[in-house]
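Engineer: Contents are PDB, C-alpha atoms, pLDDT in the B column; file name work.pdb:
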ATOM      1  CA  MET A1434       0.000   0.000   0.000  1.00 55.00           C
ATOM      2  CA  TRP A1435       2.793   2.415   0.935  1.00 52.00           C
ATOM      3  CA  LYS A1436       4.592   1.768  -2.347  1.00 55.00           C
ATOM      4  CA  ASN A1437       1.402   2.353  -4.339  1.00 56.00           C
ATOM      5  CA  PHE A1438       0.778   5.581  -2.409  1.00 47.00           C
ATOM      6  CA  LEU A1439       4.294   6.812  -3.180  1.00 47.00           C
ATOM      7  CA  LYS A1440       3.795   5.949  -6.836  1.00 54.00           C
ATOM      8  CA  ILE A1441       0.862   8.388  -6.992  1.00 49.00           C
ATOM      9  CA  ILE A1442       3.011  11.199  -5.576  1.00 48.00           C
ATOM     10  CA  TYR A1443       6.236  10.183  -7.327  1.00 60.00           C
ATOM     11  CA  PRO A1444       5.253   8.293 -10.519  1.00 74.00           C
ATOM     12  CA  TYR A1445       7.782   6.265 -12.463  1.00 85.00           C
ATOM     13  CA  TYR A1446       9.262   7.936 -15.525  1.00 89.00           C
ATOM     14  CA  CYS A1447      11.697   6.477 -18.035  1.00 91.00           C
ATOM     15  CA  LEU A1448      15.010   8.223 -17.410  1.00 91.00           C
ATOM     16  CA  ARG A1449      15.711   8.386 -21.136  1.00 92.00           C
ATOM     17  CA  CYS A1450      12.441   9.338 -22.866  1.00 93.00           C
ATOM     18  CA  LYS A1451      10.477  10.582 -19.793  1.00 91.00           C
ATOM     19  CA  LYS A1452       7.480   8.389 -20.591  1.00 91.00           C
ATOM     20  CA  GLU A1453       5.387   7.542 -17.514  1.00 88.00           C
ATOM     21  CA  LEU A1454       5.659   3.879 -16.572  1.00 87.00           C
ATOM     22  CA  ASP A1455       3.969   1.492 -14.160  1.00 82.00           C
ATOM     23  CA  ASN A1456       6.924   0.131 -12.208  1.00 81.00           C
ATOM     24  CA  SER A1457      10.228   0.901 -13.896  1.00 86.00           C
ATOM     25  CA  TYR A1458      12.621   3.734 -14.672  1.00 89.00           C
ATOM     26  CA  LEU A1459      13.473   2.422 -18.131  1.00 92.00           C
ATOM     27  CA  CYS A1460      10.944   1.593 -20.835  1.00 93.00           C
ATOM     28  CA  HIS A1461      11.309  -1.377 -23.174  1.00 93.00           C
ATOM     29  CA  GLU A1462      12.265   0.755 -26.171  1.00 95.00           C
ATOM     30  CA  CYS A1463      14.965   2.657 -24.285  1.00 94.00           C
ATOM     31  CA  PHE A1464      16.271  -0.543 -22.704  1.00 94.00           C
ATOM     32  CA  ASN A1465      16.884  -1.959 -26.177  1.00 94.00           C
ATOM     33  CA  ALA A1466      18.371   1.329 -27.371  1.00 94.00           C
ATOM     34  CA  ILE A1467      21.196   1.354 -24.807  1.00 95.00           C
ATOM     35  CA  PRO A1468      24.454   0.638 -26.665  1.00 94.00           C
ATOM     36  CA  LEU A1469      26.447  -2.273 -25.285  1.00 95.00           C
ATOM     37  CA  VAL A1470      30.200  -2.634 -25.425  1.00 95.00           C
ATOM     38  CA  LYS A1471      30.951  -4.932 -28.344  1.00 92.00           C
ATOM     39  CA  GLU A1472      34.730  -5.170 -28.079  1.00 94.00           C
ATOM     40  CA  GLN A1473      36.163  -6.339 -24.777  1.00 95.00           C
ATOM     41  CA  LEU A1474      39.681  -5.372 -23.715  1.00 96.00           C
ATOM     42  CA  CYS A1475      42.486  -7.065 -21.823  1.00 97.00           C
ATOM     43  CA  PRO A1476      42.500  -5.587 -18.276  1.00 96.00           C
ATOM     44  CA  ALA A1477      46.288  -5.128 -18.370  1.00 96.00           C
ATOM     45  CA  CYS A1478      47.174  -3.710 -21.792  1.00 96.00           C
ATOM     46  CA  GLU A1479      43.640  -2.570 -22.790  1.00 95.00           C
ATOM     47  CA  LYS A1480      43.939  -4.076 -26.244  1.00 97.00           C
ATOM     48  CA  PRO A1481      41.093  -6.144 -27.784  1.00 96.00           C
ATOM     49  CA  SER A1482      40.623  -9.563 -26.244  1.00 95.00           C
ATOM     50  CA  LEU A1483      37.861 -12.190 -26.515  1.00 91.00           C
ATOM     51  CA  PHE A1484      35.542 -11.918 -23.473  1.00 91.00           C
ATOM     52  CA  GLY A1485      38.047  -9.454 -21.979  1.00 94.00           C
ATOM     53  CA  LYS A1486      40.513 -12.213 -21.154  1.00 95.00           C
ATOM     54  CA  THR A1487      43.938 -11.212 -19.909  1.00 97.00           C
ATOM     55  CA  HIS A1488      46.474 -11.826 -22.664  1.00 97.00           C
ATOM     56  CA  GLU A1489      49.011 -14.528 -21.876  1.00 96.00           C
ATOM     57  CA  ASN A1490      51.905 -12.067 -21.947  1.00 97.00           C
ATOM     58  CA  CYS A1491      49.974  -9.704 -19.602  1.00 97.00           C
ATOM     59  CA  ARG A1492      49.277 -12.198 -16.803  1.00 95.00           C
ATOM     60  CA  LYS A1493      52.069 -10.920 -14.573  1.00 95.00           C
ATOM     61  CA  LYS A1494      50.611  -7.401 -14.676  1.00 96.00           C
ATOM     62  CA  THR A1495      47.256  -8.180 -13.056  1.00 97.00           C
ATOM     63  CA  PRO A1496      45.740 -10.844 -10.763  1.00 97.00           C
ATOM     64  CA  LEU A1497      42.603 -10.726 -12.931  1.00 97.00           C
ATOM     65  CA  SER A1498      42.106 -13.443 -15.516  1.00 96.00           C
ATOM     66  CA  GLY A1499      39.871 -11.059 -17.414  1.00 96.00           C
ATOM     67  CA  ALA A1500      37.433  -8.165 -17.153  1.00 96.00           C
ATOM     68  CA  PHE A1501      34.040  -7.896 -18.865  1.00 96.00           C
ATOM     69  CA  VAL A1502      32.334  -4.514 -19.323  1.00 96.00           C
ATOM     70  CA  ALA A1503      28.694  -4.181 -20.389  1.00 96.00           C
ATOM     71  CA  MET A1504      28.367  -0.436 -21.112  1.00 96.00           C
ATOM     72  CA  ASP A1505      30.391   2.688 -21.771  1.00 94.00           C
ATOM     73  CA  TYR A1506      29.998   5.323 -19.040  1.00 93.00           C
ATOM     74  CA  LYS A1507      30.413   8.075 -21.645  1.00 93.00           C
ATOM     75  CA  GLU A1508      26.818   7.370 -22.758  1.00 93.00           C
ATOM     76  CA  LYS A1509      24.489   9.881 -21.076  1.00 93.00           C
ATOM     77  CA  ILE A1510      21.761   7.362 -20.250  1.00 94.00           C
ATOM     78  CA  VAL A1511      24.338   5.036 -18.672  1.00 95.00           C
ATOM     79  CA  GLN A1512      25.552   7.897 -16.476  1.00 94.00           C
ATOM     80  CA  GLN A1513      21.969   8.668 -15.460  1.00 93.00           C
ATOM     81  CA  LEU A1514      21.124   5.073 -14.595  1.00 94.00           C
ATOM     82  CA  ILE A1515      24.223   4.436 -12.504  1.00 94.00           C
ATOM     83  CA  HIS A1516      24.179   7.860 -10.840  1.00 92.00           C
ATOM     84  CA  GLN A1517      20.545   7.450  -9.763  1.00 92.00           C
ATOM     85  CA  TYR A1518      21.215   3.902  -8.553  1.00 93.00           C
ATOM     86  CA  LYS A1519      24.472   4.578  -6.728  1.00 90.00           C
ATOM     87  CA  TYR A1520      24.221   8.153  -5.476  1.00 89.00           C
ATOM     88  CA  LYS A1521      20.465   8.815  -5.348  1.00 89.00           C
ATOM     89  CA  PHE A1522      19.790   5.385  -3.798  1.00 88.00           C
ATOM     90  CA  VAL A1523      17.117   4.376  -6.338  1.00 89.00           C
ATOM     91  CA  LYS A1524      17.246   0.690  -5.471  1.00 91.00           C
ATOM     92  CA  ASP A1525      14.574  -0.218  -8.057  1.00 90.00           C
ATOM     93  CA  LEU A1526      17.153   0.432 -10.797  1.00 94.00           C
ATOM     94  CA  ALA A1527      18.905  -2.795  -9.825  1.00 95.00           C
ATOM     95  CA  GLU A1528      16.410  -4.687 -11.992  1.00 94.00           C
ATOM     96  CA  PRO A1529      17.004  -2.983 -15.372  1.00 95.00           C
ATOM     97  CA  LEU A1530      20.742  -2.644 -14.713  1.00 96.00           C
ATOM     98  CA  SER A1531      20.989  -6.359 -13.959  1.00 96.00           C
ATOM     99  CA  ASP A1532      18.992  -7.136 -17.094  1.00 96.00           C
ATOM    100  CA  ILE A1533      21.361  -5.004 -19.182  1.00 96.00           C
ATOM    101  CA  LEU A1534      24.373  -6.840 -17.764  1.00 96.00           C
ATOM    102  CA  ILE A1535      22.751 -10.230 -18.362  1.00 94.00           C
ATOM    103  CA  LYS A1536      21.836  -9.234 -21.924  1.00 94.00           C
ATOM    104  CA  SER A1537      25.399  -8.139 -22.643  1.00 94.00           C
ATOM    105  CA  LEU A1538      26.896 -11.344 -21.205  1.00 92.00           C
ATOM    106  CA  ALA A1539      24.422 -13.494 -23.135  1.00 90.00           C
ATOM    107  CA  GLU A1540      25.063 -11.721 -26.444  1.00 88.00           C
ATOM    108  CA  GLN A1541      28.783 -12.362 -26.165  1.00 85.00           C
ATOM    109  CA  ASN A1542      28.292 -15.930 -24.925  1.00 70.00           C
ATOM    110  CA  ASN A1543      30.655 -15.505 -22.010  1.00 67.00           C
ATOM    111  CA  GLU A1544      31.844 -19.046 -21.373  1.00 72.00           C
ATOM    112  CA  LEU A1545      32.664 -18.582 -17.685  1.00 70.00           C
ATOM    113  CA  LEU A1546      29.007 -18.263 -16.701  1.00 77.00           C
ATOM    114  CA  SER A1547      28.245 -21.700 -18.115  1.00 74.00           C
ATOM    115  CA  LYS A1548      30.731 -23.424 -15.804  1.00 73.00           C
ATOM    116  CA  THR A1549      29.277 -25.152 -12.742  1.00 75.00           C
ATOM    117  CA  ASP A1550      32.379 -24.417 -10.654  1.00 86.00           C
ATOM    118  CA  THR A1551      31.923 -20.637 -10.832  1.00 91.00           C
ATOM    119  CA  ILE A1552      31.128 -18.495  -7.795  1.00 93.00           C
ATOM    120  CA  ILE A1553      29.765 -14.935  -7.922  1.00 95.00           C
ATOM    121  CA  ALA A1554      31.017 -12.326  -5.442  1.00 96.00           C
ATOM    122  CA  ALA A1555      30.782  -8.539  -5.184  1.00 97.00           C
ATOM    123  CA  VAL A1556      33.014  -5.649  -4.255  1.00 96.00           C
ATOM    124  CA  PRO A1557      32.022  -5.048  -0.602  1.00 95.00           C
ATOM    125  CA  LEU A1558      31.163  -1.767   1.082  1.00 94.00           C
ATOM    126  CA  HIS A1559      32.565  -0.728   4.449  1.00 92.00           C
ATOM    127  CA  PRO A1560      29.868  -1.042   7.176  1.00 90.00           C
ATOM    128  CA  ILE A1561      29.799   2.751   7.641  1.00 91.00           C
ATOM    129  CA  ARG A1562      29.099   3.357   3.954  1.00 88.00           C
ATOM    130  CA  LEU A1563      26.636   0.475   3.851  1.00 90.00           C
ATOM    131  CA  ARG A1564      24.599   2.027   6.670  1.00 90.00           C
ATOM    132  CA  TRP A1565      24.700   5.398   4.892  1.00 88.00           C
ATOM    133  CA  ARG A1566      23.523   4.030   1.533  1.00 87.00           C
ATOM    134  CA  GLY A1567      21.265   1.320   2.911  1.00 89.00           C
ATOM    135  CA  PHE A1568      22.347  -1.325   0.402  1.00 92.00           C
ATOM    136  CA  ASN A1569      25.409  -2.509  -1.490  1.00 95.00           C
ATOM    137  CA  GLN A1570      24.654  -1.679  -5.122  1.00 95.00           C
ATOM    138  CA  ALA A1571      27.256  -4.146  -6.455  1.00 96.00           C
ATOM    139  CA  GLN A1572      25.975  -6.955  -4.238  1.00 97.00           C
ATOM    140  CA  ILE A1573      22.392  -6.663  -5.483  1.00 97.00           C
ATOM    141  CA  ILE A1574      23.567  -6.834  -9.118  1.00 97.00           C
ATOM    142  CA  ALA A1575      25.816  -9.799  -8.272  1.00 97.00           C
ATOM    143  CA  GLN A1576      23.009 -11.694  -6.556  1.00 97.00           C
ATOM    144  CA  LYS A1577      20.661 -11.148  -9.500  1.00 96.00           C
ATOM    145  CA  LEU A1578      23.399 -12.334 -11.847  1.00 95.00           C
ATOM    146  CA  ALA A1579      23.955 -15.440  -9.725  1.00 95.00           C
ATOM    147  CA  SER A1580      20.233 -16.187  -9.616  1.00 95.00           C
ATOM    148  CA  HIS A1581      19.819 -15.818 -13.397  1.00 94.00           C
ATOM    149  CA  PHE A1582      22.732 -18.120 -14.242  1.00 92.00           C
ATOM    150  CA  ASN A1583      21.970 -20.513 -11.363  1.00 92.00           C
ATOM    151  CA  LEU A1584      25.353 -19.959  -9.729  1.00 92.00           C
ATOM    152  CA  PRO A1585      26.160 -19.552  -6.018  1.00 92.00           C
ATOM    153  CA  TYR A1586      26.706 -16.101  -4.545  1.00 94.00           C
ATOM    154  CA  LYS A1587      29.247 -15.763  -1.716  1.00 93.00           C
ATOM    155  CA  ASN A1588      30.378 -12.874   0.479  1.00 93.00           C
ATOM    156  CA  LEU A1589      34.030 -13.673  -0.056  1.00 94.00           C
ATOM    157  CA  LEU A1590      35.451 -10.278   0.852  1.00 95.00           C
ATOM    158  CA  ILE A1591      35.147  -7.775   3.678  1.00 94.00           C
ATOM    159  CA  ARG A1592      36.090  -4.120   3.376  1.00 93.00           C
ATOM    160  CA  SER A1593      38.088  -3.500   6.532  1.00 90.00           C
ATOM    161  CA  LYS A1594      39.035   0.145   5.873  1.00 85.00           C
ATOM    162  CA  ASN A1595      36.684   3.017   5.055  1.00 77.00           C
ATOM    163  CA  ASN A1596      38.915   4.494   2.370  1.00 71.00           C
ATOM    164  CA  PRO A1597      37.903   7.626   0.420  1.00 61.00           C
ATOM    165  CA  THR A1598      35.785   6.971  -2.657  1.00 69.00           C
ATOM    166  CA  GLN A1599      37.664   6.572  -5.936  1.00 66.00           C
ATOM    167  CA  LYS A1600      35.242   8.883  -7.734  1.00 63.00           C
ATOM    168  CA  ASN A1601      37.182  12.094  -7.125  1.00 61.00           C
ATOM    169  CA  ILE A1602      40.665  10.648  -7.630  1.00 63.00           C
ATOM    170  CA  SER A1603      41.954  11.035 -11.177  1.00 60.00           C
ATOM    171  CA  GLN A1604      45.515   9.654 -11.060  1.00 64.00           C
ATOM    172  CA  THR A1605      45.874   5.891 -11.480  1.00 66.00           C
ATOM    173  CA  SER A1606      48.803   5.656  -9.051  1.00 67.00           C
ATOM    174  CA  ILE A1607      46.834   7.433  -6.305  1.00 68.00           C
ATOM    175  CA  ARG A1608      43.777   5.254  -6.992  1.00 66.00           C
ATOM    176  CA  GLN A1609      45.930   2.145  -6.602  1.00 70.00           C
ATOM    177  CA  LYS A1610      47.402   3.410  -3.340  1.00 71.00           C
ATOM    178  CA  ASN A1611      43.949   4.396  -2.056  1.00 63.00           C
ATOM    179  CA  VAL A1612      42.662   0.796  -2.203  1.00 71.00           C
ATOM    180  CA  GLN A1613      45.780  -0.987  -0.972  1.00 77.00           C
ATOM    181  CA  SER A1614      45.017  -3.401   1.879  1.00 82.00           C
ATOM    182  CA  VAL A1615      41.402  -2.236   2.281  1.00 88.00           C
ATOM    183  CA  PHE A1616      39.977  -5.747   1.763  1.00 93.00           C
ATOM    184  CA  ARG A1617      40.368  -9.019   3.626  1.00 93.00           C
ATOM    185  CA  LEU A1618      38.954 -12.491   3.186  1.00 93.00           C
ATOM    186  CA  ASN A1619      35.712 -13.312   4.935  1.00 90.00           C
ATOM    187  CA  ASP A1620      36.692 -15.724   7.714  1.00 80.00           C
ATOM    188  CA  MET A1621      33.248 -17.343   7.902  1.00 69.00           C
ATOM    189  CA  ARG A1622      33.864 -20.987   7.041  1.00 52.00           C
ATOM    190  CA  ASP A1623      30.741 -21.497   4.916  1.00 57.00           C
ATOM    191  CA  GLU A1624      31.777 -18.554   2.732  1.00 55.00           C
ATOM    192  CA  ILE A1625      35.389 -19.520   2.048  1.00 54.00           C
ATOM    193  CA  GLU A1626      35.554 -23.318   1.907  1.00 56.00           C
ATOM    194  CA  ASN A1627      33.891 -23.737  -1.504  1.00 58.00           C
ATOM    195  CA  PRO A1628      35.882 -21.167  -3.536  1.00 56.00           C
ATOM    196  CA  LEU A1629      38.976 -23.390  -3.394  1.00 59.00           C
ATOM    197  CA  LYS A1630      39.794 -24.455  -6.980  1.00 68.00           C
ATOM    198  CA  SER A1631      36.740 -22.618  -8.335  1.00 86.00           C
ATOM    199  CA  ASN A1632      36.339 -19.757 -10.785  1.00 92.00           C
ATOM    200  CA  ILE A1633      35.379 -16.473  -9.118  1.00 94.00           C
ATOM    201  CA  ILE A1634      33.535 -13.574 -10.734  1.00 95.00           C
ATOM    202  CA  ILE A1635      33.777 -10.239  -8.895  1.00 97.00           C
ATOM    203  CA  VAL A1636      30.926  -7.859  -9.737  1.00 97.00           C
ATOM    204  CA  ASP A1637      31.028  -4.063  -9.483  1.00 96.00           C
ATOM    205  CA  ASP A1638      28.907  -1.241 -10.862  1.00 95.00           C
ATOM    206  CA  ILE A1639      31.563   0.980 -12.432  1.00 93.00           C
ATOM    207  CA  THR A1640      35.323   0.969 -12.836  1.00 93.00           C
ATOM    208  CA  THR A1641      37.821   3.408 -14.296  1.00 89.00           C
ATOM    209  CA  THR A1642      41.326   2.065 -13.747  1.00 90.00           C
ATOM    210  CA  LEU A1643      40.373  -1.391 -12.381  1.00 93.00           C
ATOM    211  CA  SER A1644      42.368  -0.537  -9.226  1.00 91.00           C
ATOM    212  CA  THR A1645      39.629  -1.690  -6.842  1.00 93.00           C
ATOM    213  CA  LEU A1646      38.968  -4.886  -8.794  1.00 96.00           C
ATOM    214  CA  ASN A1647      42.678  -5.692  -9.007  1.00 96.00           C
ATOM    215  CA  GLU A1648      42.960  -5.275  -5.231  1.00 95.00           C
ATOM    216  CA  CYS A1649      39.929  -7.535  -4.720  1.00 96.00           C
ATOM    217  CA  ALA A1650      41.475 -10.177  -6.989  1.00 97.00           C
ATOM    218  CA  ALA A1651      44.816  -9.987  -5.190  1.00 96.00           C
ATOM    219  CA  THR A1652      43.025 -10.503  -1.856  1.00 95.00           C
ATOM    220  CA  LEU A1653      41.282 -13.607  -3.254  1.00 95.00           C
ATOM    221  CA  LEU A1654      44.487 -15.282  -4.466  1.00 94.00           C
ATOM    222  CA  PRO A1655      45.088 -17.251  -1.208  1.00 92.00           C
ATOM    223  CA  LEU A1656      41.882 -19.184  -1.992  1.00 89.00           C
ATOM    224  CA  LYS A1657      43.745 -20.597  -5.011  1.00 90.00           C
ATOM    225  CA  PRO A1658      40.875 -20.103  -7.487  1.00 92.00           C
ATOM    226  CA  LYS A1659      41.234 -21.344 -11.062  1.00 91.00           C
ATOM    227  CA  LYS A1660      40.434 -17.909 -12.485  1.00 93.00           C
ATOM    228  CA  ILE A1661      39.292 -14.533 -11.177  1.00 96.00           C
ATOM    229  CA  TYR A1662      37.169 -12.443 -13.526  1.00 96.00           C
ATOM    230  CA  ALA A1663      35.746  -8.968 -13.067  1.00 97.00           C
ATOM    231  CA  VAL A1664      32.294  -8.186 -14.439  1.00 97.00           C
ATOM    232  CA  VAL A1665      31.149  -4.558 -14.351  1.00 97.00           C
ATOM    233  CA  LEU A1666      28.181  -2.578 -15.592  1.00 97.00           C
ATOM    234  CA  ALA A1667      30.244   0.239 -17.079  1.00 96.00           C
ATOM    235  CA  ARG A1668      33.747   1.581 -17.457  1.00 92.00           C
ATOM    236  CA  GLY A1669      34.407   5.283 -17.072  1.00 84.00           C
ATOM    237  CA  ILE A1670      37.212   7.539 -18.154  1.00 66.00           C
TER     238      ILE A1670
END
Would you put the structure from the file into structure tokens?
Structural biologist:
Amino acid sequence: MWKNFLKIIYPYYCLRCKKELDNSYLCHECFNAIPLVKEQLCPACEKPSLFGKTHENCRKKTPLSGAFVAMDYKEKIVQQLIHQYKYKFVKDLAEPLSDILIKSLAEQNNELLSKTDTIIAAVPLHPIRLRWRGFNQAQIIAQKLASHFNLPYKNLLIRSKNNPTQKNISQTSIRQKNVQSVFRLNDMRDEIENPLKSNIIIVDDITTTLSTLNECAATLLPLKPKKIYAVVLARGI
């Protein structure tokens, strides 16, 4: 009842075309009009690579086995969707954003999601920031991804330091330093015993330099996973 009452006062509008909707912020036409990234890049050298796999000669430069990006943050509608979801706390946007990510992964037939030994995880928030936002935007996307592909979701990582957000840091070297040692493995037994010798997919909403995702992957290495992939909604500049 409360949600229906709020809908009368604050009706849903498509963020792109402004058409009034019943229960979404993105209409079907605008959903299909969002351009998806067609050419994936190696996370180390940023040259074209199938599925975003790390090139063999780049493997010493990153703990990531690959990085998959669904959208380009330079697109205005992509900026609107992620900004409203992440900074305006519009939790309902998790649904269309998850659908966009799933559509992009399906179109490129990402082989990792068809493997039964794959585990989905998310970049964690520090408890202080989680209380402020009310939800972990990356975790919701990760859980929806896991549910769609019938894969387990695990809270593999804990953010132990409330470091400044990467948003306002432009230099790659400072971004890398900002996230050093901010994560640790979750010591809950039921969360860490299964990832041994599994593939792990780390989900985040947006990345620029991959510094946070590289730090997450480095923290996961003691679990001895087969591969660690990053999957993100969008990559910024």
Engineer: In Å, with one decimal, what is the gap from atom CA of Lys1494 of chain A to atom CA of Gln1613 of chain A?
Structural biologist: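 Rounded to one decimal, the two atoms are 15.9 Å apart.
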Engineer: What is the atom CA of Pro1496 of chain A-atom CA of Gln1541 of chain A distance in Å, reported with one decimal?
Structural biologist: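 These atoms are spaced 23.0 Å apart.
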Engineer: Written as a CSV table (one decimal) with C-alpha atoms, in the coordinates of the input, which residues does the PyMOL selection byres ((chain A and resi 1632-1635) around 9) give for the file shown?
Structural biologist:
chain,number,residue,atom,x,y,z
A,1545,LEU,CA,32.7,-18.6,-17.7
A,1546,LEU,CA,29.0,-18.3,-16.7
A,1548,LYS,CA,30.7,-23.4,-15.8
A,1550,ASP,CA,32.4,-24.4,-10.7
A,1551,THR,CA,31.9,-20.6,-10.8
A,1552,ILE,CA,31.1,-18.5,-7.8
A,1553,ILE,CA,29.8,-14.9,-7.9
A,1554,ALA,CA,31.0,-12.3,-5.4
A,1555,ALA,CA,30.8,-8.5,-5.2
A,1556,VAL,CA,33.0,-5.6,-4.3
A,1575,ALA,CA,25.8,-9.8,-8.3
A,1628,PRO,CA,35.9,-21.2,-3.5
A,1629,LEU,CA,39.0,-23.4,-3.4
A,1630,LYS,CA,39.8,-24.5,-7.0
A,1631,SER,CA,36.7,-22.6,-8.3
A,1636,VAL,CA,30.9,-7.9,-9.7
A,1637,ASP,CA,31.0,-4.1,-9.5
A,1646,LEU,CA,39.0,-4.9,-8.8
A,1649,CYS,CA,39.9,-7.5,-4.7
A,1650,ALA,CA,41.5,-10.2,-7.0
A,1653,LEU,CA,41.3,-13.6,-3.3
A,1658,PRO,CA,40.9,-20.1,-7.5
A,1659,LYS,CA,41.2,-21.3,-11.1
A,1660,LYS,CA,40.4,-17.9,-12.5
A,1661,ILE,CA,39.3,-14.5,-11.2
A,1662,TYR,CA,37.2,-12.4,-13.5
A,1663,ALA,CA,35.7,-9.0,-13.1
A,1664,VAL,CA,32.3,-8.2,-14.4
A,1665,VAL,CA,31.1,-4.6,-14.4
Engineer: Might you spell out which residues the PyMOL selection byres ((chain A and resi 1486-1489) around 8) would select in the displayed file, as a VMD selection string?
Structural biologist: chain A and resid 1474 to 1477 1482 to 1485 1490 to 1492 1497 to 1500
Engineer: Out of A:Trp1565, A:Pro1557, A:Lys1536, A:Asn1542, which residue has the shortest atom-to-atom distance to Tyr1520 of chain A when counting all atoms listed in the file?
Structural biologist: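 The closest residue to Tyr1520 of chain A is A:Trp1565.
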Engineer: Give me the residues near Asn1569 of chain A as a list in words, where near means some atom within 9 Å (using all atoms listed in the file) and where sequence neighbours in that chain fewer than 3 positions away do not count.
Structural biologist: Lys1519, Ala1555, Val1556, Pro1557, Leu1558, Arg1562, Leu1563, Arg1566, Gln1572, Ile1573 and Ile1574 of chain A
Engineer: What would the selection look like, as a list in words, if the PyMOL selection byres ((chain A and resi 1526) around 9) were run on the coordinates I just shared?
Structural biologist: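 Checked against the file, the PyMOL selection byres ((chain A and resi 1526) around 9) matches Ser1457, Tyr1458, Leu1459, Leu1514, Ile1515, Gln1517, Tyr1518, Phe1522, Val1523, Lys1524, Asp1525, Ala1527, Glu1528, Pro1529, Leu1530 and Ser1531 of chain A.
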Engineer: Find the nearest atom pair between each residue of segment 1642-1668 of chain A and segment 1508-1511 of chain A for residues within 12 Å, count all atoms listed in the file, give distances in Å to one decimal, sort rows by chain and ascending number, and present the table as CSV.
Structural biologist:
residue,atom,partner,partner_atom,distance
A:Leu1666,CA,A:Val1511,CA,9.1
A:Ala1667,CA,A:Val1511,CA,7.8
A:Arg1668,CA,A:Val1511,CA,10.1
Engineer: Between atom CA of Lys1451 of chain A and atom CA of Ala1503 of chain A, what distance in Å does the model show, to one decimal?
Structural biologist: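 Distance between the two atoms: 23.5 Å.
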Engineer: Identify which of the residues A:His1559, A:Lys1493, A:Lys1480, A:Arg1449 lies closest to Gln1512 of chain A, counting all atoms listed in the file when measuring atom-to-atom distances.
Structural biologist: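 Of A:His1559, A:Lys1493, A:Lys1480, A:Arg1449, the one nearest Gln1512 of chain A, counting all atoms listed in the file, is A:Arg1449.
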Engineer: Compare A:Gln1570, A:Phe1582, A:Val1612, A:Glu1544 by their minimum atom-to-atom distance to Lys1521 of chain A, counting only C-alpha atoms, and give me the closest one.
Structural biologist: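 Looking at the shortest contact to Lys1521 of chain A, the residue is A:Gln1570.
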Engineer: With all atoms listed in the file as the atoms that count, which of A:Thr1640, A:Asn1619, A:Asn1596, A:Gln1609 lies nearest to Ala1571 of chain A?
Structural biologist: A:Thr1640
Engineer: Please return the centre and edge lengths, in Å to one decimal, of a box with edges along x, y and z that contains all listed atoms of segment 1562-1574 of chain A, widened by 8 Å on every side, as lines of an AutoDock Vina configuration file.
Structural biologist:
center_x = 25.2
center_y = -0.8
center_z = -1.2
size_x = 23.8
size_y = 28.4
size_z = 31.8
Engineer: With all atoms listed in the file as the atoms that count, which of A:Thr1495, A:Ser1644, A:Ile1561, A:Phe1464 lies nearest to Cys1478 of chain A?
Structural biologist: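 Nearest candidate to Cys1478 of chain A out of A:Thr1495, A:Ser1644, A:Ile1561, A:Phe1464: A:Thr1495.
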Engineer: Pick out the closest residue to Leu1448 of chain A from this set: A:Glu1479, A:Val1502, A:His1516, A:Pro1560. Count all atoms listed in the file.
Structural biologist: A:His1516
